[in-house]
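This report refers to the structure that appears directly beneath it.
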Amino acid sequence: MKETRVLLIEDEPNIIEAIRFILSREGWRVDTSSDGGNALEAVRNRNPDLVILDVMLPNRTGYDILSDMRADAATRDIPVMMLTARGQKKDKELAERLGVNKFMTKPFSNAEMLASVRELVR
Amino acid sequence: MSRSLRAGTRIRNSRMSLGMKQAELARSCGISASYLNLIEHNRRRIGGSLLLRIAEALGADPSALGEGAESALLGSLDSAADKHNEVAVERDGADELASRFPGWARLIRAQFRENARLEQVVERLDDRLTHDPFLSASMHNVLTSVTAIRSASGILAGGDPVEPEWQRRFARNIHEDSQRLADATESLVGYLEAEADDRGTGSLPQDEVEQWLITRGWTIDELERDAAAPLAAIMDGADGIRTLAARELAHGYLEQYAADAAAIPKPSLENALGSTEEPLALADMLGAPLPALFRRLATLGSDALPVHGSFGLVGCDASGTLTFRKPLPDFDLPRYGGACPLWPLFRAGQQPMVPVRETLAMRGRDDHLFDVHAVAEITHPSGFAGPAVTMSWMLIRPWPRGREANRVLRAGTTCRVCAETACPARREPSVFSTLSDERL
């Protein structure tokens with residue numbers, strides 16, 4: 001069976017560590033990128049099965065990255081789960097307009113995170 | 001029951017006495033002759049800018065043509081009916097209601113206005129997290145720490161075996177994040193307490209004026225209709241302005257508004273906006289000084305600015321203290337303390353009369369791009385003997401989505417909530433930097 005690869009784009013080291021641990025324990029491979037500026041390049045290079053994308057990143061926002069991903073044929077079909085500490089309706093609507101697959105509001109539980117990832121890489 | 005002559009009839013009479021053709025008048029006002037015909041036969045309600053244009057074309061006083069208070073009342077009844085589509089209102093009966101039961105009609109209007117005001121208040125509270133940069137940054141800190149703690153503790157308490165090395169690691173992370181959470185909540189409590197104290201002594205006079213302007217939609221209709229309208233009457237209607245200091249500020253604001261409206265009347269501004277929404281080009285067309293034009297543009301709603309949407313505006317005096325704030329979504333203006341020293345607003349103050357234009361990227365949650373124009377004016381109200389007074393203005397609008405920006409100036413709201421650690425103009429540490437140092 002092919003290994004499932006997740007690219008986690010997030011700049012909080014402790015959140016990275018926890019998510020990486022949870023997903024690795026499920027047998028998934030987790031790569032990370034912490035800078036909004038070169039996140040798109042990381043997506044292109046790694047071509048993951050799922051991108052977990054934080055909204056508030058240094059240098060570039062998650063929205064911009066998502067928007068560019070959807071505009072590029074090479075990355076258009078990769079499922080994206082967005083994480084944000086601002087669960088406002090406006091933010092969710094923007095993410096949906098840009099083509100997000102799942103929008104998660106912090107703080108989420110590990111079970112929620114796992115369930116959503118399973119649903120997206122099925 | 002006697003009824004005053006209606007606006008359409010007055011327009012028709014006035015036009016015929018000038019010997020002007022219907023088509024001719026319609027053309028000069030930018031409407032079709034058939035539409036004008038409907039207006040003249042009182043089949044269409046008329047008001048606002050069209051009435052001003054028709055009055056101008058006829059060389060008549062708009063208030064002599066319009067139905068004055070009655071037409072304004074009918075307009076409000078119409079808006080109330082629009083708002084409540086679900087109620088089958090007898091639209092044709094609005095005239096009759098207003099003339100037979102003016103008191104009831106005014107009551108409907110008063111309630112409609114009160115509703116609109118309350119809706120604005122609710123919206124404002126709702127947007128609080130978005131527009132208060134300190135609150136929003138603190139909440140972000142809290143939520144991020146809680147997320148990390150919840151996740152790490154979930155791993156440790158989840159029941160699945162976790163190797164000792166990982167156990168230690170997550171325990172350390174939880175400790176770190178709980179420290180961070182404690183700091184963030186402490187600063188949040190301090191902030192909210194300071195704010196509660198402010199409220200106890202009444203909010204800042206600027207806040208009162210700002211609130212009042214928000215409820216008026218940043219437009220003073222009385223002065224738009226007549227720049228020489230008595231300011232005292234406008235002030236009497238300003239319920240939100242309670243303190244003496246706020247009254248004085250509001251009065252000063254109205255004086256400036258009146259002078260600006262006289263220099264750049266709304267019809268000419270709207271007319272010029274038909275050709276361009278670029279501030280420099282508009283100033284040229286109208287022969288108007290930039291600061292006055294900036295202030296006039298900031299009074300317009302987005303319906304008058306179909307291409308770029310409405311403008312935000314900030315003003316400051318020579319000390320850099322913000323004296324005027326009309327916020328724009330996603331462009332946070334500091335509530336307390338100084339703004340980001342990199343704003344073109346302050347650069348404009350160093351070279352009065354020289355306009356500055358920048359593409360500004362606001363650091364923060366999302367790096368939004370803005371198209372900003374800034375200029376400073378210098379006046380000598382006390383002549384050569386007295387001090388010169390410098391006021392700087394910065395007009396803000398969102399950078400058009402999708403348009404390439406060549407050169408971008410990165411700036412923030414205020415140092416306290418800015419994450420740009422390498423900024424050479426920083427004046428105090430941010431709430432972010434102390435946290436990241438601790439994490440190293």
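Identifiers for the structure tokens are assigned positionally: chains receive A, B, ... in sequence, residues are indexed from 1 per chain, and ligands are indexed from 1 in the order shown.
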Residues within 12 Å of B:Ala157, only C-alpha atoms, excluding chain neighbours under 5 positions, as a PyMOL selection string: (chain A and resi 110) or (chain B and resi 149-152+162+167+170-171)
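Within 7 Å of chain B, chain A contributes the residues Asn14, Ile15, Ala18, Met56, Arg60, Thr61, Ala85, Lys106, Pro107, Phe108, Ser109 and Asn110 of chain A, using only C-alpha atoms.
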Output all heavy atoms for every residue in the selection just made, as a JSON list (two decimals), in the first residue's frame.
[["chain", "number", "residue", "atom", "x", "y", "z"],
["A", 14, "ASN", "N", 4.99, 23.85, 18.65],
["A", 14, "ASN", "CA", 4.36, 22.83, 19.50],
["A", 14, "ASN", "C", 3.12, 22.22, 18.86],
["A", 14, "ASN", "O", 2.80, 21.05, 19.11],
["A", 14, "ASN", "CB", 4.04, 23.40, 20.87],
["A", 14, "ASN", "CG", 5.31, 23.69, 21.67],
["A", 14, "ASN", "OD1", 6.41, 23.44, 21.17],
["A", 14, "ASN", "ND2", 5.16, 24.22, 22.87],
["A", 15, "ILE", "N", 2.45, 23.02, 18.06],
["A", 15, "ILE", "CA", 1.30, 22.46, 17.33],
["A", 15, "ILE", "C", 1.81, 21.51, 16.25],
["A", 15, "ILE", "O", 1.27, 20.42, 16.04],
["A", 15, "ILE", "CB", 0.42, 23.59, 16.73],
["A", 15, "ILE", "CG1", -0.20, 24.41, 17.87],
["A", 15, "ILE", "CG2", -0.66, 23.02, 15.84],
["A", 15, "ILE", "CD1", -1.12, 25.51, 17.41],
["A", 18, "ALA", "N", 2.74, 18.19, 17.89],
["A", 18, "ALA", "CA", 1.59, 17.36, 18.28],
["A", 18, "ALA", "C", 0.92, 16.74, 17.06],
["A", 18, "ALA", "O", 0.63, 15.55, 17.03],
["A", 18, "ALA", "CB", 0.60, 18.21, 19.09],
["A", 56, "MET", "N", -2.71, 31.95, 9.45],
["A", 56, "MET", "CA", -1.80, 33.04, 9.79],
["A", 56, "MET", "C", -0.37, 32.56, 9.81],
["A", 56, "MET", "O", 0.07, 31.92, 10.76],
["A", 56, "MET", "CB", -2.20, 33.61, 11.14],
["A", 56, "MET", "CG", -1.62, 34.96, 11.39],
["A", 56, "MET", "SD", -2.47, 35.74, 12.75],
["A", 56, "MET", "CE", -1.09, 36.29, 13.70],
["A", 60, "ARG", "N", 3.30, 35.10, 4.18],
["A", 60, "ARG", "CA", 2.21, 34.96, 3.23],
["A", 60, "ARG", "C", 1.04, 34.29, 3.94],
["A", 60, "ARG", "O", 1.24, 33.44, 4.79],
["A", 60, "ARG", "CB", 2.68, 34.05, 2.09],
["A", 60, "ARG", "CG", 2.12, 34.48, 0.80],
["A", 60, "ARG", "CD", 2.97, 34.30, -0.39],
["A", 60, "ARG", "NE", 2.10, 34.67, -1.50],
["A", 60, "ARG", "CZ", 1.47, 33.77, -2.24],
["A", 60, "ARG", "NH1", 1.66, 32.50, -2.07],
["A", 60, "ARG", "NH2", 0.66, 34.16, -3.19],
["A", 61, "THR", "N", -0.19, 34.66, 3.60],
["A", 61, "THR", "CA", -1.32, 34.07, 4.32],
["A", 61, "THR", "C", -1.73, 32.75, 3.69],
["A", 61, "THR", "O", -1.46, 32.49, 2.51],
["A", 61, "THR", "CB", -2.55, 34.99, 4.29],
["A", 61, "THR", "OG1", -3.14, 34.90, 2.99],
["A", 61, "THR", "CG2", -2.19, 36.42, 4.59],
["A", 85, "ALA", "N", -7.40, 30.28, 13.99],
["A", 85, "ALA", "CA", -7.79, 30.63, 15.34],
["A", 85, "ALA", "C", -8.95, 31.62, 15.31],
["A", 85, "ALA", "O", -9.43, 32.06, 16.33],
["A", 85, "ALA", "CB", -6.62, 31.22, 16.10],
["A", 106, "LYS", "N", -9.40, 26.43, 15.59],
["A", 106, "LYS", "CA", -8.65, 26.12, 16.80],
["A", 106, "LYS", "C", -9.43, 26.60, 18.01],
["A", 106, "LYS", "O", -10.04, 27.67, 17.93],
["A", 106, "LYS", "CB", -7.28, 26.82, 16.78],
["A", 106, "LYS", "CG", -6.35, 26.32, 15.70],
["A", 106, "LYS", "CD", -5.08, 27.16, 15.70],
["A", 106, "LYS", "CE", -4.12, 26.72, 14.60],
["A", 106, "LYS", "NZ", -2.93, 27.55, 14.51],
["A", 107, "PRO", "N", -9.42, 25.92, 19.14],
["A", 107, "PRO", "CA", -8.73, 24.65, 19.37],
["A", 107, "PRO", "C", -9.58, 23.45, 18.97],
["A", 107, "PRO", "O", -10.72, 23.38, 19.33],
["A", 107, "PRO", "CB", -8.53, 24.66, 20.89],
["A", 107, "PRO", "CG", -9.67, 25.47, 21.43],
["A", 107, "PRO", "CD", -10.08, 26.42, 20.34],
["A", 108, "PHE", "N", -8.99, 22.52, 18.23],
["A", 108, "PHE", "CA", -9.71, 21.31, 17.82],
["A", 108, "PHE", "C", -9.17, 20.16, 18.66],
["A", 108, "PHE", "O", -8.08, 20.25, 19.23],
["A", 108, "PHE", "CB", -9.48, 21.03, 16.34],
["A", 108, "PHE", "CG", -8.07, 21.27, 15.92],
["A", 108, "PHE", "CD1", -7.08, 20.34, 16.18],
["A", 108, "PHE", "CD2", -7.71, 22.46, 15.29],
["A", 108, "PHE", "CE1", -5.76, 20.58, 15.82],
["A", 108, "PHE", "CE2", -6.40, 22.69, 14.92],
["A", 108, "PHE", "CZ", -5.42, 21.76, 15.19],
["A", 109, "SER", "N", -9.92, 19.06, 18.73],
["A", 109, "SER", "CA", -9.42, 17.91, 19.47],
["A", 109, "SER", "C", -8.66, 17.00, 18.51],
["A", 109, "SER", "O", -8.84, 17.09, 17.29],
["A", 109, "SER", "CB", -10.57, 17.15, 20.10],
["A", 109, "SER", "OG", -11.27, 16.45, 19.10],
["A", 110, "ASN", "N", -7.82, 16.14, 19.08],
["A", 110, "ASN", "CA", -7.05, 15.23, 18.24],
["A", 110, "ASN", "C", -7.99, 14.32, 17.44],
["A", 110, "ASN", "O", -7.72, 14.01, 16.28],
["A", 110, "ASN", "CB", -6.12, 14.37, 19.10],
["A", 110, "ASN", "CG", -5.06, 15.22, 19.77],
["A", 110, "ASN", "OD1", -4.82, 16.35, 19.35],
["A", 110, "ASN", "ND2", -4.43, 14.69, 20.81]]
With only C-alpha atoms as the counted atoms, please give the residues lying no more than 9 Å from stretch 90-96 of chain A, apart from itself and same-chain residues fewer than 6 positions off, as a PDB file with C-alpha atoms, in the first residue's frame.
ATOM      1  CA  TYR A  63      -5.588  32.248   1.808  1.00  0.00           C
ATOM      2  CA  LEU A  66      -4.694  28.229  -1.208  1.00  0.00           C
ATOM      3  CA  SER A  67      -5.644  30.604  -3.978  1.00  0.00           C
ATOM      4  CA  MET A  82      -7.336  24.912   6.797  1.00  0.00           C
ATOM      5  CA  THR A  84      -7.505  29.034  11.943  1.00  0.00           C
ATOM      6  CA  LYS A 102     -12.254  21.411   5.261  1.00  0.00           C
ATOM      7  CA  PHE A 103     -12.078  24.383   7.604  1.00  0.00           C
TER       8      PHE A 103
END
Distance query stretch 251-259 of chain B at most 9 Å, only C-alpha atoms, self and fewer than 6 positions along chain excluded, as a PyMOL selection string: chain B and resi 209+220+223-224+226-229+231-232+234-235+292+295-296
Residue among B:Gly240, B:Leu51, B:Ala288, B:Arg347 lying closest to B:Arg117, counting only C-alpha atoms: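 Looking only at the distances to B:Arg117, the closest residue turns out to be B:Gly240.
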Which residue of B:Ala182, B:Leu249, B:Leu244, B:Val307 approaches B:Ser275 most closely, using only C-alpha atoms: B:Val307
All alpha helix (DSSP H) residues (DSSP, backbone) inside stretch 69-316 of chain B, as number ranges by chain: B: 69-83, 94-100, 102-126, 128-131, 133-157, 164-200, 205-215, 221-225, 231-236, 244-263, 266-273, 279-286, 290-297
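Between atom CA of B:Glu24 and atom CA of B:Ala272 lies a distance of 21.1 Å.
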All residues 12 Å or closer to B:Arg335, only C-alpha atoms, same chain fewer than 6 positions away omitted, as a ChimeraX atom specification: /B:128,131-135,191,195,203-204,206-207,210,321-327,413-414,416-417
Quick one: everything within 12 Å of A:Val51, counting only C-alpha atoms, minus sequence neighbours fewer than 6 positions away in the same chain. Send it as a PDB file with N, CA, C and O atoms, in the first residue's frame.
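Output file selection18.pdb is given in full below:
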ATOM      1  N   THR A   4       0.701   7.320   2.775  1.00  0.00           N
ATOM      2  CA  THR A   4      -0.025   8.595   2.658  1.00  0.00           C
ATOM      3  C   THR A   4       0.853   9.721   3.188  1.00  0.00           C
ATOM      4  O   THR A   4       1.408   9.620   4.272  1.00  0.00           O
ATOM      5  N   ARG A   5       0.986  10.764   2.367  1.00  0.00           N
ATOM      6  CA  ARG A   5       1.871  11.854   2.766  1.00  0.00           C
ATOM      7  C   ARG A   5       1.098  13.138   3.006  1.00  0.00           C
ATOM      8  O   ARG A   5       0.310  13.569   2.173  1.00  0.00           O
ATOM      9  N   VAL A   6       1.317  13.719   4.155  1.00  0.00           N
ATOM     10  CA  VAL A   6       0.629  14.946   4.539  1.00  0.00           C
ATOM     11  C   VAL A   6       1.665  16.062   4.631  1.00  0.00           C
ATOM     12  O   VAL A   6       2.746  15.850   5.177  1.00  0.00           O
ATOM     13  N   LEU A   7       1.350  17.218   4.060  1.00  0.00           N
ATOM     14  CA  LEU A   7       2.234  18.373   4.235  1.00  0.00           C
ATOM     15  C   LEU A   7       1.554  19.345   5.200  1.00  0.00           C
ATOM     16  O   LEU A   7       0.444  19.822   4.932  1.00  0.00           O
ATOM     17  N   LEU A   8       2.215  19.597   6.309  1.00  0.00           N
ATOM     18  CA  LEU A   8       1.662  20.480   7.334  1.00  0.00           C
ATOM     19  C   LEU A   8       2.344  21.841   7.242  1.00  0.00           C
ATOM     20  O   LEU A   8       3.553  21.948   7.430  1.00  0.00           O
ATOM     21  N   ILE A   9       1.563  22.862   6.925  1.00  0.00           N
ATOM     22  CA  ILE A   9       2.126  24.214   6.817  1.00  0.00           C
ATOM     23  C   ILE A   9       1.618  25.016   8.008  1.00  0.00           C
ATOM     24  O   ILE A   9       0.459  25.429   8.055  1.00  0.00           O
ATOM     25  N   GLU A  10       2.471  25.192   8.975  1.00  0.00           N
ATOM     26  CA  GLU A  10       2.065  25.768  10.275  1.00  0.00           C
ATOM     27  C   GLU A  10       3.327  26.345  10.909  1.00  0.00           C
ATOM     28  O   GLU A  10       4.420  25.814  10.700  1.00  0.00           O
ATOM     29  N   ARG A  29       3.002   9.808   6.611  1.00  0.00           N
ATOM     30  CA  ARG A  29       4.241  10.548   6.642  1.00  0.00           C
ATOM     31  C   ARG A  29       3.901  12.038   6.690  1.00  0.00           C
ATOM     32  O   ARG A  29       3.071  12.512   5.911  1.00  0.00           O
ATOM     33  N   VAL A  30       4.538  12.766   7.591  1.00  0.00           N
ATOM     34  CA  VAL A  30       4.217  14.189   7.744  1.00  0.00           C
ATOM     35  C   VAL A  30       5.445  15.044   7.446  1.00  0.00           C
ATOM     36  O   VAL A  30       6.474  14.924   8.105  1.00  0.00           O
ATOM     37  N   ASP A  31       5.354  15.860   6.424  1.00  0.00           N
ATOM     38  CA  ASP A  31       6.399  16.858   6.162  1.00  0.00           C
ATOM     39  C   ASP A  31       5.867  18.201   6.635  1.00  0.00           C
ATOM     40  O   ASP A  31       4.665  18.415   6.668  1.00  0.00           O
ATOM     41  N   THR A  32       6.782  19.103   6.974  1.00  0.00           N
ATOM     42  CA  THR A  32       6.304  20.399   7.455  1.00  0.00           C
ATOM     43  C   THR A  32       6.992  21.543   6.742  1.00  0.00           C
ATOM     44  O   THR A  32       8.099  21.404   6.192  1.00  0.00           O
ATOM     45  N   SER A  33       6.285  22.664   6.763  1.00  0.00           N
ATOM     46  CA  SER A  33       6.832  23.907   6.231  1.00  0.00           C
ATOM     47  C   SER A  33       6.282  25.004   7.129  1.00  0.00           C
ATOM     48  O   SER A  33       5.112  24.979   7.488  1.00  0.00           O
ATOM     49  N   ALA A  39       5.876  28.182   1.010  1.00  0.00           N
ATOM     50  CA  ALA A  39       4.962  27.052   1.202  1.00  0.00           C
ATOM     51  C   ALA A  39       4.515  26.450  -0.126  1.00  0.00           C
ATOM     52  O   ALA A  39       4.433  25.232  -0.290  1.00  0.00           O
ATOM     53  N   LEU A  40       4.255  27.332  -1.092  1.00  0.00           N
ATOM     54  CA  LEU A  40       3.754  26.858  -2.379  1.00  0.00           C
ATOM     55  C   LEU A  40       4.789  25.954  -3.059  1.00  0.00           C
ATOM     56  O   LEU A  40       4.466  24.913  -3.633  1.00  0.00           O
ATOM     57  N   ALA A  42       6.986  24.210  -1.502  1.00  0.00           N
ATOM     58  CA  ALA A  42       6.994  22.946  -0.762  1.00  0.00           C
ATOM     59  C   ALA A  42       5.879  22.031  -1.260  1.00  0.00           C
ATOM     60  O   ALA A  42       6.071  20.828  -1.421  1.00  0.00           O
ATOM     61  N   VAL A  43       4.704  22.625  -1.530  1.00  0.00           N
ATOM     62  CA  VAL A  43       3.578  21.811  -2.030  1.00  0.00           C
ATOM     63  C   VAL A  43       3.944  21.216  -3.382  1.00  0.00           C
ATOM     64  O   VAL A  43       3.746  20.024  -3.632  1.00  0.00           O
ATOM     65  N   ARG A  44       4.512  22.026  -4.272  1.00  0.00           N
ATOM     66  CA  ARG A  44       4.862  21.543  -5.611  1.00  0.00           C
ATOM     67  C   ARG A  44       5.914  20.438  -5.532  1.00  0.00           C
ATOM     68  O   ARG A  44       5.811  19.419  -6.206  1.00  0.00           O
ATOM     69  N   GLY A  62      -2.389  31.938   4.507  1.00  0.00           N
ATOM     70  CA  GLY A  62      -2.919  30.675   4.025  1.00  0.00           C
ATOM     71  C   GLY A  62      -3.873  30.880   2.856  1.00  0.00           C
ATOM     72  O   GLY A  62      -3.936  30.066   1.943  1.00  0.00           O
ATOM     73  N   ILE A  65      -1.951  31.268  -0.324  1.00  0.00           N
ATOM     74  CA  ILE A  65      -1.361  29.994  -0.728  1.00  0.00           C
ATOM     75  C   ILE A  65      -2.434  29.094  -1.347  1.00  0.00           C
ATOM     76  O   ILE A  65      -2.245  28.512  -2.410  1.00  0.00           O
ATOM     77  N   LEU A  66      -3.591  29.039  -0.690  1.00  0.00           N
ATOM     78  CA  LEU A  66      -4.694  28.229  -1.208  1.00  0.00           C
ATOM     79  C   LEU A  66      -5.111  28.717  -2.587  1.00  0.00           C
ATOM     80  O   LEU A  66      -5.306  27.925  -3.517  1.00  0.00           O
ATOM     81  N   MET A  69      -2.624  27.628  -5.092  1.00  0.00           N
ATOM     82  CA  MET A  69      -2.709  26.175  -5.309  1.00  0.00           C
ATOM     83  C   MET A  69      -3.839  25.833  -6.269  1.00  0.00           C
ATOM     84  O   MET A  69      -3.698  24.989  -7.143  1.00  0.00           O
ATOM     85  N   THR A  75      -1.288  21.508  -8.612  1.00  0.00           N
ATOM     86  CA  THR A  75      -1.667  21.419  -7.196  1.00  0.00           C
ATOM     87  C   THR A  75      -3.173  21.567  -6.981  1.00  0.00           C
ATOM     88  O   THR A  75      -3.658  21.490  -5.867  1.00  0.00           O
ATOM     89  N   ARG A  76      -3.904  21.777  -8.109  1.00  0.00           N
ATOM     90  CA  ARG A  76      -5.322  22.109  -8.027  1.00  0.00           C
ATOM     91  C   ARG A  76      -6.135  21.076  -7.249  1.00  0.00           C
ATOM     92  O   ARG A  76      -7.047  21.417  -6.506  1.00  0.00           O
ATOM     93  N   ASP A  77      -5.808  19.780  -7.450  1.00  0.00           N
ATOM     94  CA  ASP A  77      -6.688  18.730  -6.910  1.00  0.00           C
ATOM     95  C   ASP A  77      -6.277  18.220  -5.531  1.00  0.00           C
ATOM     96  O   ASP A  77      -6.894  17.305  -4.995  1.00  0.00           O
ATOM     97  N   ILE A  78      -5.204  18.769  -4.960  1.00  0.00           N
ATOM     98  CA  ILE A  78      -4.771  18.302  -3.640  1.00  0.00           C
ATOM     99  C   ILE A  78      -5.756  18.811  -2.578  1.00  0.00           C
ATOM    100  O   ILE A  78      -6.026  20.007  -2.519  1.00  0.00           O
ATOM    101  N   PRO A  79      -6.302  17.896  -1.759  1.00  0.00           N
ATOM    102  CA  PRO A  79      -7.223  18.360  -0.711  1.00  0.00           C
ATOM    103  C   PRO A  79      -6.513  19.264   0.294  1.00  0.00           C
ATOM    104  O   PRO A  79      -5.342  19.026   0.617  1.00  0.00           O
ATOM    105  N   VAL A  80      -7.199  20.307   0.736  1.00  0.00           N
ATOM    106  CA  VAL A  80      -6.611  21.245   1.693  1.00  0.00           C
ATOM    107  C   VAL A  80      -7.516  21.365   2.922  1.00  0.00           C
ATOM    108  O   VAL A  80      -8.713  21.595   2.798  1.00  0.00           O
ATOM    109  N   MET A  81      -6.907  21.180   4.090  1.00  0.00           N
ATOM    110  CA  MET A  81      -7.616  21.425   5.343  1.00  0.00           C
ATOM    111  C   MET A  81      -7.010  22.680   5.956  1.00  0.00           C
ATOM    112  O   MET A  81      -5.805  22.763   6.146  1.00  0.00           O
ATOM    113  N   MET A  82      -7.867  23.667   6.249  1.00  0.00           N
ATOM    114  CA  MET A  82      -7.336  24.912   6.797  1.00  0.00           C
ATOM    115  C   MET A  82      -7.549  24.981   8.297  1.00  0.00           C
ATOM    116  O   MET A  82      -8.593  24.556   8.808  1.00  0.00           O
ATOM    117  N   LEU A  83      -6.563  25.531   8.989  1.00  0.00           N
ATOM    118  CA  LEU A  83      -6.641  25.707  10.437  1.00  0.00           C
ATOM    119  C   LEU A  83      -6.646  27.202  10.731  1.00  0.00           C
ATOM    120  O   LEU A  83      -5.835  27.939  10.171  1.00  0.00           O
ATOM    121  N   VAL A 100     -11.460  25.547  -0.315  1.00  0.00           N
ATOM    122  CA  VAL A 100     -10.942  24.723   0.765  1.00  0.00           C
ATOM    123  C   VAL A 100     -11.803  23.461   0.878  1.00  0.00           C
ATOM    124  O   VAL A 100     -12.977  23.464   0.498  1.00  0.00           O
ATOM    125  N   ASN A 101     -11.228  22.340   1.339  1.00  0.00           N
ATOM    126  CA  ASN A 101     -12.010  21.121   1.500  1.00  0.00           C
ATOM    127  C   ASN A 101     -12.555  20.979   2.910  1.00  0.00           C
ATOM    128  O   ASN A 101     -13.588  20.379   3.124  1.00  0.00           O
ATOM    129  N   LYS A 102     -11.804  21.523   3.868  1.00  0.00           N
ATOM    130  CA  LYS A 102     -12.254  21.411   5.261  1.00  0.00           C
ATOM    131  C   LYS A 102     -11.688  22.597   6.026  1.00  0.00           C
ATOM    132  O   LYS A 102     -10.528  22.970   5.843  1.00  0.00           O
ATOM    133  N   PHE A 103     -12.494  23.184   6.874  1.00  0.00           N
ATOM    134  CA  PHE A 103     -12.078  24.383   7.604  1.00  0.00           C
ATOM    135  C   PHE A 103     -12.178  24.064   9.093  1.00  0.00           C
ATOM    136  O   PHE A 103     -13.252  23.774   9.596  1.00  0.00           O
ATOM    137  N   SER A 116     -11.081  14.198  10.363  1.00  0.00           N
ATOM    138  CA  SER A 116     -11.105  15.032   9.161  1.00  0.00           C
ATOM    139  C   SER A 116     -10.036  14.592   8.168  1.00  0.00           C
ATOM    140  O   SER A 116     -10.274  14.557   6.961  1.00  0.00           O
ATOM    141  N   VAL A 117      -8.864  14.266   8.678  1.00  0.00           N
ATOM    142  CA  VAL A 117      -7.785  13.837   7.782  1.00  0.00           C
ATOM    143  C   VAL A 117      -8.187  12.541   7.086  1.00  0.00           C
ATOM    144  O   VAL A 117      -8.031  12.389   5.873  1.00  0.00           O
ATOM    145  N   LEU A 120     -10.538  13.162   4.295  1.00  0.00           N
ATOM    146  CA  LEU A 120      -9.988  13.840   3.119  1.00  0.00           C
ATOM    147  C   LEU A 120      -9.033  12.972   2.295  1.00  0.00           C
ATOM    148  O   LEU A 120      -8.884  13.208   1.099  1.00  0.00           O
ATOM    149  N   VAL A 121      -8.368  12.003   2.918  1.00  0.00           N
ATOM    150  CA  VAL A 121      -7.397  11.214   2.133  1.00  0.00           C
ATOM    151  C   VAL A 121      -7.945   9.836   1.775  1.00  0.00           C
ATOM    152  O   VAL A 121      -7.230   9.018   1.236  1.00  0.00           O
TER     153      VAL A 121
END
All residues 8 Å or closer to B:Glu270, only C-alpha atoms, same chain fewer than 4 positions away omitted, as a ChimeraX atom specification: /B:266,274,304
Can I get the selection written as a compact mmCIF listing (two decimals), in the first residue's frame, with C-alpha atoms?
# COMPACT_ATOMS: atom_id res chain seq x y z
CA LYS B 266 -21.33 66.87 -3.98
CA GLY B 274 -17.96 59.63 -13.47
CA ALA B 304 -20.62 56.51 -5.21
Filtered DSSP result for chain A, state strand (DSSP E or B), as a ChimeraX atom specification: /A:5-9,29-33,50-54,80-84,102-105
Pairwise distance for atom CA of B:Leu156 and atom CA of A:Arg118, rounded to one decimal in Å: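 These two atoms are separated by 21.5 Å.
Atom to atom, atom CA of B:Cys316 and atom CA of B:Gly349 stand 8.8 Å apart.
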For A:Lys2, the nearest of the candidates A:Arg70, A:Gly27, A:Leu98, A:Val55, counting only C-alpha atoms: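 For A:Lys2, the nearest of the given residues is A:Gly27.
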